[in-house]
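Novice: Below you will find the structure I want to go over with you.
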Amino acid sequence: MSFVSFSPLPCALGIAVYWIALGILGLTQRADREAGRILYAAGAAGGLLLAVTAAWALGDAPTAIQLPLGLPGLPFHLRLDSLSAFFLVLLGLAVTGISLFSTGYFISGSTTNDRVTCLHYHFFLAAMVFVLLADDAYMFMVAWESMALVSYFLVTSDHRFAEIRSAGFLYLVVAHVGAMAILLCFGVLHGPDGGYTFEAMRNADRTPFWATTAFLLALVGFGAKAGFLPLHAWLPEAHPAAPSPVSALMSGVMLKTAIYGLLRIGFDLLPIQYASWGVIALALGLVTMLYGVLFAAVQTDMKRLLAYSSIENIGLVLAAIGLAIVFRVHAMPALAALALCAALFHCLNHALFKSLLFLATGAVMHATSQRSLGRLGGLIHPMPWVAGAALVGTLAIAGLPPLNGFVSEWLLLQAFLLSPELPDPYLRMLVPVATAALVLAAAVAAYVMVKFYGVVFLGQPREPSLRYAHDADVWQRAGLLFLVACCVLAGLFPVTVLNGIDHVATGLLGRGMGDAVGRQWLHVTPVSAERASYSPLLVLAGILGVVSAVFLYVRVRYHMRTRRAPPWDCGFPAQTSRMQDTAEGFGQPIKQIFEPFFRIEREMPSPFDGAPRYRARTEDKLWYVLYLPLVRFVERIAGWVARLQHGRIQWYLVYSFATLLALLVLIRFQ
Amino acid sequence: MLPQYALSQLLEALFAVVVAPLALGWVNQCRAWLQNRRGPGVTQPYRVIAKLFRKEVVLAHQASFLFRAVPYVVFGCMVLATGIVPMLATALPFAPAADVIALVGLLALARIFMALAAMDTGTAFGSLGARREMLVAALAEPALLMVFFMPSLIARSTSLTTIVETLAHQRVAVHPSLAFAAVAFVMVMLAENARIPVDNPGTHLELTMIHEATILEYSGRHLALIEWAHALKLLVYATIGIALFLPWGIAEAGHWAGLPTAVLALVAKLLVGGAALAVTETVSAKLRIFRAPEFLATAFLMAVLGMLTHLLLEGTA
């Protein structure tokens with residue numbers, strides 16, 4: 001490092017403390033509109049500073065400090081290595097955009113209690129920083145649980161509505177099932193002499209059985225937060241319930257902390273891996289991905305659609321991680337690094353474009369008070385800024401060149417195409433199936449995003465009031481534009497991003513993608529230039545060059561006469577906005593082709609109905625196959641336990657006495 | 001060295017842009033002959049495009065800036081795609097900028113803009129067309145990628161020029177997986193170019209339209225660009241198919257003497273290919289819209305099977 005006085009870890013810690021201070025300030029302020037807004041803007045500055053600081057620390061050796069807090073004899077350990085630094089960059093960038101947007105979004109009265117929301121919001125940010133910095137199991141769990149609780153309170157910001165309360169409850173339950181699994185995982189992982197610092201865990205010896213148990217527990221625990229199947233059920237409930245900036249934070253950043261945890265345990269704390277883990281993660285990731293994208297295609301609520309799309313993206317990341325494990329186990333570190341870089345790149349991309357899209361839905365809801373796709377449409381005219389920003393997000397998430405979503409999918413496909421070099425023939429056979437699932441999901445994702453953008457922003461307004469929707473205010477625009485810029489820059493300069501990510505891969509795997517990426521800035525060449533190369537900048541330049549040349553030619557050569565008229569539409573005169581495709585209509589082909597995936601309830605009219613009514617509800621099968629039986633089972637058990645409860649003190653004394661006796665007998669005969 | 005290559009790149013793109021309507025005209029002429037019509041002649045698409053350029057644009061009231069920008073973007077994507085595909089020579093300085101996956105991405109970019117433009121005017125047929133077009137694409141695009149992956153696995157590269165150079169040298173080597181790939185590719189090509197049996201390029205019967213419905217609101221120079229881009233797309237697909245499955249005759253890097261042969265070979269292959277396309281279209285009937293997914297799923301499975309065949313029989317360890 002060039003200058004001595006600057007050390008990133010205390011700086012990151014300072015930003016977390018700064019956010020906590022902002023939160024407390026927010027609580028103590030009076031119900032004054034302007035002051036509250038400034039707090040969010042100040043938080044955005046902290047986000048930008050965090051991103052810069054952490055980016056600075058990416059290539060550095062890990063630094064660690066101890067805080068004299070926590071339990072006696074068990075101080076909090078903090079550590080900043082390249083993995084934490086990468087996720088801090090992601091957090092910082094996303095928070096900058098989201099907080100800027102929030103400055104314009106959380107104006108007085110937008111939630112049930114603005115001051116408390118401000119407190120929770122900034123505590124949430126700080127908790128995520130602590131999750132990423134924690135270097136012992138105790139600190140990690142404290143930060144993880146704070147994050148879960150604060151985000152629960154944020155989800156239920158509008159707790160006046162019963163459905164929001166129940167969505168929050170579902171989230172809380174799943175979060176705690178996950179937290180228990182993580183706790184057990186740390187229990188399995190503990191070092192010699194019961195050491196719970198990550199350093200002790202790293203150096204502990206484990207049998208393959210216990211290592212696998214720990215990995216699976218981590219998969220369940222972090223899967224509950226990230227939304228791996230079948231623990232995804234809370235996502236489509238909680239995301240629509242939360243205010244949009246909070247949805248953006250949860251989907252864009254909080255899901256990534258779960259990926260961080262999985263990487264921390266799966267690669268760092270468990271230095272020896274097994275091929276079966278990779279296969280499990282790969283299969284789970286692909287199933288999650290397909291499931292998410294198919295359900296996204298049939299949603300009629302724009303935030304639920306985005307929530308299912310998050311499940312899809314997280315599935316893609318998990319699949320990439322699984323592939324990285326498979327490569328690593330078979331001693332192919334360069335390919336493992338490629339797959340891991342694809343996973344991390346996609347994490348970053350998803351944080352950027354999903355935050356962007358959630359914020360865009362926030363702006364739409366602010367302007368129209370509508371969340372249902374059936375009541376939107378044509379917003380490109382009254383809301384050109386939001387529509388423009390959302391267009392970039394849509395193209396990025398659909399995985400189109402030259403934006404950022406394409407780069408990570410491209411890298412992952414390259415990794416898949418290299419997997420025939422695996423020595424295990426059975427694994428090689430997996431490749432076509434896995435690749436097919438991946439490309440299918442990516443193609444359906446494009447379908448989903450056309451539906452999302454087309455129904456919300458294009459066409460004719462489905463409600464007359466939409467014509468008077470107001471565009472985003474200056475702060476909101478600033479937030480959106482910041483994320484748009486991040487998406488575009490990450491898409492156009494992927495080599496720069498990959499050089500940063502490569503430090504993480506080097507840290508976790510012992511070697512990175514090597515100089516395959518570092519030597520040039522224009523082309524991404526993951527393995528070698530002959531193997532594959534891609535240059536988004538040239539692609540963009542090519543498209544823009546041809547477009548402007550053609551435009552100029554047409555302009556000079558021909559007249560530019562244009563006349564406005566009613567749409568032709570095959571000569572049909574009586575057009576109304578109800579004749580456009582609705583969200584249901586757009587999802588219908590997917591529903592029909594992939595019918596076995598869905599649970600569809602149809603209410604069909606008979607030919608003799610006076611007032612015919614058609615209704616179709618598409619629901620998650622897993623809800624009925626897994627969740628409801630589980631709920632019934634728990635209720636039955638609870639019913640049995642309830643028989644012990646009489647409310648009379650003498651019975652409880654009898655229980656205590658009986659337990660005591662039983663324990664004494666147990667000890668006597670041992 | 002480099003200026004020469006840049007020149008060859010530019011010439012190839014220009015060649016494609018100029019020749020594309022002719023190729024479409026040839027297919028249409030063959031179809032006319034097969035249907036016992038005299039046909040309008042192979043230069044008809046040029047006349048149509050020239051006429052459309054001269055006409056004024058009639059824009060729907062609610063059309064936004066997106067609607068007006070899309071024809072240019074689509075045309076740009078298609079021209080760029082021709083810059084990646086080795087039609088005549090493998091010496092393409094632009095080729096390293098985008099490999100086959102990026103090529104599929106470019107085609108997807110054009111298609112998504114097309115679908116968005118169709119939804120922009122908010123008409124019943126426009127959104128119906130957008131939905132159907134995206135449905136066909138959602139199933140054809142994965143099949144196309146899987147098709148491309150087989151030669152990529154053989155050539156150990158996703159760069160089209162490298163693939164073509166590798167395949168052109170393996171005259172003797174037999175790759176059964178490529179047969180699967182070729183069949184799947186033809187099916188995808190029919191679907192993606194709105195040909196029978198998935199779509200009918202000549203239809204104006206509202207309820208069966210797919211591609212035609214998406215461009216229903218376009219007129220004048222916008223429509224001219226879209227029609228031209230459409231012809232380019234057909235040419236891109238045809239030349240990709242030729243490059244992957246019949247690569248013989250394409251001039252390799254540095255072999256300028258091979259260029260005239262390459263032009264002749266390409267013209268011959270396009271003539272035969274166009275006639276074959278016309279025959280296919282004449283002897284088959286259009287599928288019902290919900291049979292189209294089955295057609296494309298078949299292509300997809302063919303491609304997956306081909307990949308399995310490659311891994312099982314052509315051991316690449």
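Here, A, B, ... name the chains of the structure tokens in the order displayed, residue numbers run from 1 inside each chain, and ligands are numbered from 1 in the same displayed order.
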Can I get the residues of chain A within 6 Å of chain B, each with the closest pair of atoms and their distance in Å to one decimal, using only C-alpha atoms, sorted chain first then ascending number, as JSON lines?
Specialist:
{"residue": "A:Leu400", "atom": "CA", "partner": "B:Gly105", "partner_atom": "CA", "distance": 5.5}
{"residue": "A:Pro401", "atom": "CA", "partner": "B:Gly105", "partner_atom": "CA", "distance": 5.9}
{"residue": "A:Glu421", "atom": "CA", "partner": "B:Ala317", "partner_atom": "CA", "distance": 5.3}
{"residue": "A:Pro432", "atom": "CA", "partner": "B:Val304", "partner_atom": "CA", "distance": 5.9}
{"residue": "A:Val439", "atom": "CA", "partner": "B:Pro142", "partner_atom": "CA", "distance": 5.0}
{"residue": "A:Leu440", "atom": "CA", "partner": "B:Pro142", "partner_atom": "CA", "distance": 5.2}
{"residue": "A:Ala443", "atom": "CA", "partner": "B:Ala138", "partner_atom": "CA", "distance": 4.8}
{"residue": "A:Val444", "atom": "CA", "partner": "B:Ala138", "partner_atom": "CA", "distance": 5.2}
{"residue": "A:Tyr447", "atom": "CA", "partner": "B:Met134", "partner_atom": "CA", "distance": 5.7}
{"residue": "A:Gly454", "atom": "CA", "partner": "B:Met119", "partner_atom": "CA", "distance": 5.9}
{"residue": "A:Leu458", "atom": "CA", "partner": "B:Asp120", "partner_atom": "CA", "distance": 4.6}
{"residue": "A:Gly459", "atom": "CA", "partner": "B:Gly122", "partner_atom": "CA", "distance": 3.5}
{"residue": "A:Gln460", "atom": "CA", "partner": "B:Gly122", "partner_atom": "CA", "distance": 5.0}
{"residue": "A:Arg531", "atom": "CA", "partner": "B:Ser157", "partner_atom": "CA", "distance": 4.1}
{"residue": "A:Ala532", "atom": "CA", "partner": "B:Thr158", "partner_atom": "CA", "distance": 5.3}
{"residue": "A:Ser533", "atom": "CA", "partner": "B:Pro96", "partner_atom": "CA", "distance": 5.5}
{"residue": "A:Tyr534", "atom": "CA", "partner": "B:Ala97", "partner_atom": "CA", "distance": 4.7}
{"residue": "A:Ser535", "atom": "CA", "partner": "B:Ala97", "partner_atom": "CA", "distance": 4.4}
{"residue": "A:Ile543", "atom": "CA", "partner": "B:Gly76", "partner_atom": "CA", "distance": 5.1}
{"residue": "A:Val546", "atom": "CA", "partner": "B:Gly76", "partner_atom": "CA", "distance": 5.2}
{"residue": "A:Val547", "atom": "CA", "partner": "B:Gly76", "partner_atom": "CA", "distance": 5.3}
{"residue": "A:Arg561", "atom": "CA", "partner": "B:Glu56", "partner_atom": "CA", "distance": 5.2}
{"residue": "A:Thr562", "atom": "CA", "partner": "B:Val57", "partner_atom": "CA", "distance": 4.6}
{"residue": "A:Arg563", "atom": "CA", "partner": "B:Val58", "partner_atom": "CA", "distance": 4.8}
{"residue": "A:Arg564", "atom": "CA", "partner": "B:Leu59", "partner_atom": "CA", "distance": 4.7}
{"residue": "A:Ala565", "atom": "CA", "partner": "B:Ala60", "partner_atom": "CA", "distance": 5.1}
{"residue": "A:Pro566", "atom": "CA", "partner": "B:Ala60", "partner_atom": "CA", "distance": 5.1}
{"residue": "A:Pro567", "atom": "CA", "partner": "B:Ala60", "partner_atom": "CA", "distance": 4.5}
{"residue": "A:Met579", "atom": "CA", "partner": "B:Ala124", "partner_atom": "CA", "distance": 5.2}
{"residue": "A:Gln580", "atom": "CA", "partner": "B:Ala124", "partner_atom": "CA", "distance": 4.6}
{"residue": "A:Asp581", "atom": "CA", "partner": "B:Ser127", "partner_atom": "CA", "distance": 5.6}
{"residue": "A:Phe586", "atom": "CA", "partner": "B:Arg131", "partner_atom": "CA", "distance": 5.9}
Novice: Could the residues in this selection be saved with C-alpha atoms as a PDB file, in the first residue's frame?
Specialist:
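File written: out-v8.pdb
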ATOM      1  CA  LEU A 400     -27.871  -8.937 -23.668  1.00  0.00           C
ATOM      2  CA  PRO A 401     -24.624  -7.565 -24.999  1.00  0.00           C
ATOM      3  CA  GLU A 421     -12.052 -31.684 -19.892  1.00  0.00           C
ATOM      4  CA  PRO A 432     -25.132 -31.054 -21.896  1.00  0.00           C
ATOM      5  CA  VAL A 439     -29.504 -21.529 -21.698  1.00  0.00           C
ATOM      6  CA  LEU A 440     -33.198 -22.339 -21.421  1.00  0.00           C
ATOM      7  CA  ALA A 443     -33.858 -17.395 -22.807  1.00  0.00           C
ATOM      8  CA  VAL A 444     -37.021 -17.498 -20.715  1.00  0.00           C
ATOM      9  CA  TYR A 447     -39.176 -13.400 -22.232  1.00  0.00           C
ATOM     10  CA  GLY A 454     -43.589  -4.008 -22.157  1.00  0.00           C
ATOM     11  CA  LEU A 458     -45.100   0.470 -23.189  1.00  0.00           C
ATOM     12  CA  GLY A 459     -48.454   0.385 -24.892  1.00  0.00           C
ATOM     13  CA  GLN A 460     -51.481   2.345 -23.840  1.00  0.00           C
ATOM     14  CA  ARG A 531     -10.462 -20.132 -27.172  1.00  0.00           C
ATOM     15  CA  ALA A 532     -12.874 -17.239 -26.794  1.00  0.00           C
ATOM     16  CA  SER A 533     -12.859 -13.510 -26.628  1.00  0.00           C
ATOM     17  CA  TYR A 534     -15.479 -10.838 -26.249  1.00  0.00           C
ATOM     18  CA  SER A 535     -15.215  -7.098 -26.351  1.00  0.00           C
ATOM     19  CA  ILE A 543     -23.754  -1.018 -33.304  1.00  0.00           C
ATOM     20  CA  VAL A 546     -23.750   1.329 -38.087  1.00  0.00           C
ATOM     21  CA  VAL A 547     -26.790   2.996 -36.539  1.00  0.00           C
ATOM     22  CA  ARG A 561     -41.469  13.071 -43.547  1.00  0.00           C
ATOM     23  CA  THR A 562     -43.432  11.676 -40.624  1.00  0.00           C
ATOM     24  CA  ARG A 563     -47.141  11.814 -39.985  1.00  0.00           C
ATOM     25  CA  ARG A 564     -48.975  10.907 -36.802  1.00  0.00           C
ATOM     26  CA  ALA A 565     -52.127   8.828 -37.137  1.00  0.00           C
ATOM     27  CA  PRO A 566     -54.150   6.326 -35.137  1.00  0.00           C
ATOM     28  CA  PRO A 567     -52.532   2.881 -35.114  1.00  0.00           C
ATOM     29  CA  MET A 579     -57.289  -5.035 -26.015  1.00  0.00           C
ATOM     30  CA  GLN A 580     -53.558  -5.142 -25.368  1.00  0.00           C
ATOM     31  CA  ASP A 581     -51.962  -8.198 -23.951  1.00  0.00           C
ATOM     32  CA  PHE A 586     -48.239 -12.637 -21.867  1.00  0.00           C
TER      33      PHE A 586
END
Novice: From a DSSP pass on the backbone, collect the residues of range 231-292 of chain A flagged as alpha helix (DSSP H) and hand them back as a VMD selection string.
Specialist: chain A and resid 235 to 241 244 to 249 255 to 263 275 to 292
Novice: Compile the contact shell of Glu584 in chain A as a PyMOL selection string: residues with an atom at most 10 Å away, counting only C-alpha atoms, same-chain residues fewer than 6 positions apart removed.
Specialist: chain A and resi 297-300+373-374+451+591+616-618
Novice: Output C-alpha atoms for every residue in the selection just made, as a PDB file, in the first residue's frame.
Specialist:
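Produced file out.pdb, reproduced below:
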ATOM      1  CA  ALA A 297     -43.106 -15.551 -16.324  1.00  0.00           C
ATOM      2  CA  VAL A 298     -46.601 -16.025 -14.909  1.00  0.00           C
ATOM      3  CA  GLN A 299     -46.618 -13.290 -12.253  1.00  0.00           C
ATOM      4  CA  THR A 300     -49.034 -10.398 -12.445  1.00  0.00           C
ATOM      5  CA  LEU A 373     -49.298  -5.246 -13.961  1.00  0.00           C
ATOM      6  CA  GLY A 374     -52.934  -5.299 -15.034  1.00  0.00           C
ATOM      7  CA  LYS A 451     -43.168  -8.894 -20.403  1.00  0.00           C
ATOM      8  CA  LYS A 591     -48.118 -21.513 -18.413  1.00  0.00           C
ATOM      9  CA  ALA A 616     -57.215 -18.537 -13.105  1.00  0.00           C
ATOM     10  CA  ARG A 617     -54.816 -18.594 -10.199  1.00  0.00           C
ATOM     11  CA  THR A 618     -51.311 -19.907 -10.629  1.00  0.00           C
TER      12      THR A 618
END
Novice: Would you mind telling me which residue in A:Phe482, A:Phe551, A:Phe267, A:Phe295 lies nearest to His232 in chain A when using only C-alpha atoms?
Specialist: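 Under the stated criterion, the closest residue is A:Phe295.
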Novice: Report, in Å with one decimal, the straight-line distance from CA of Leu277 in chain B to CA of Ile49 in chain B.
Specialist: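 Computing it gives 22.3 Å between the two atoms.
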Novice: Check the smallest atom-to-atom distance from each of B:Val283, B:Met302, B:Ala224, B:Leu7 to Phe185 in chain B using only C-alpha atoms, then report the winner.
Specialist: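 Between B:Val283, B:Met302, B:Ala224, B:Leu7, the residue approaching Phe185 in chain B most closely is B:Met302.
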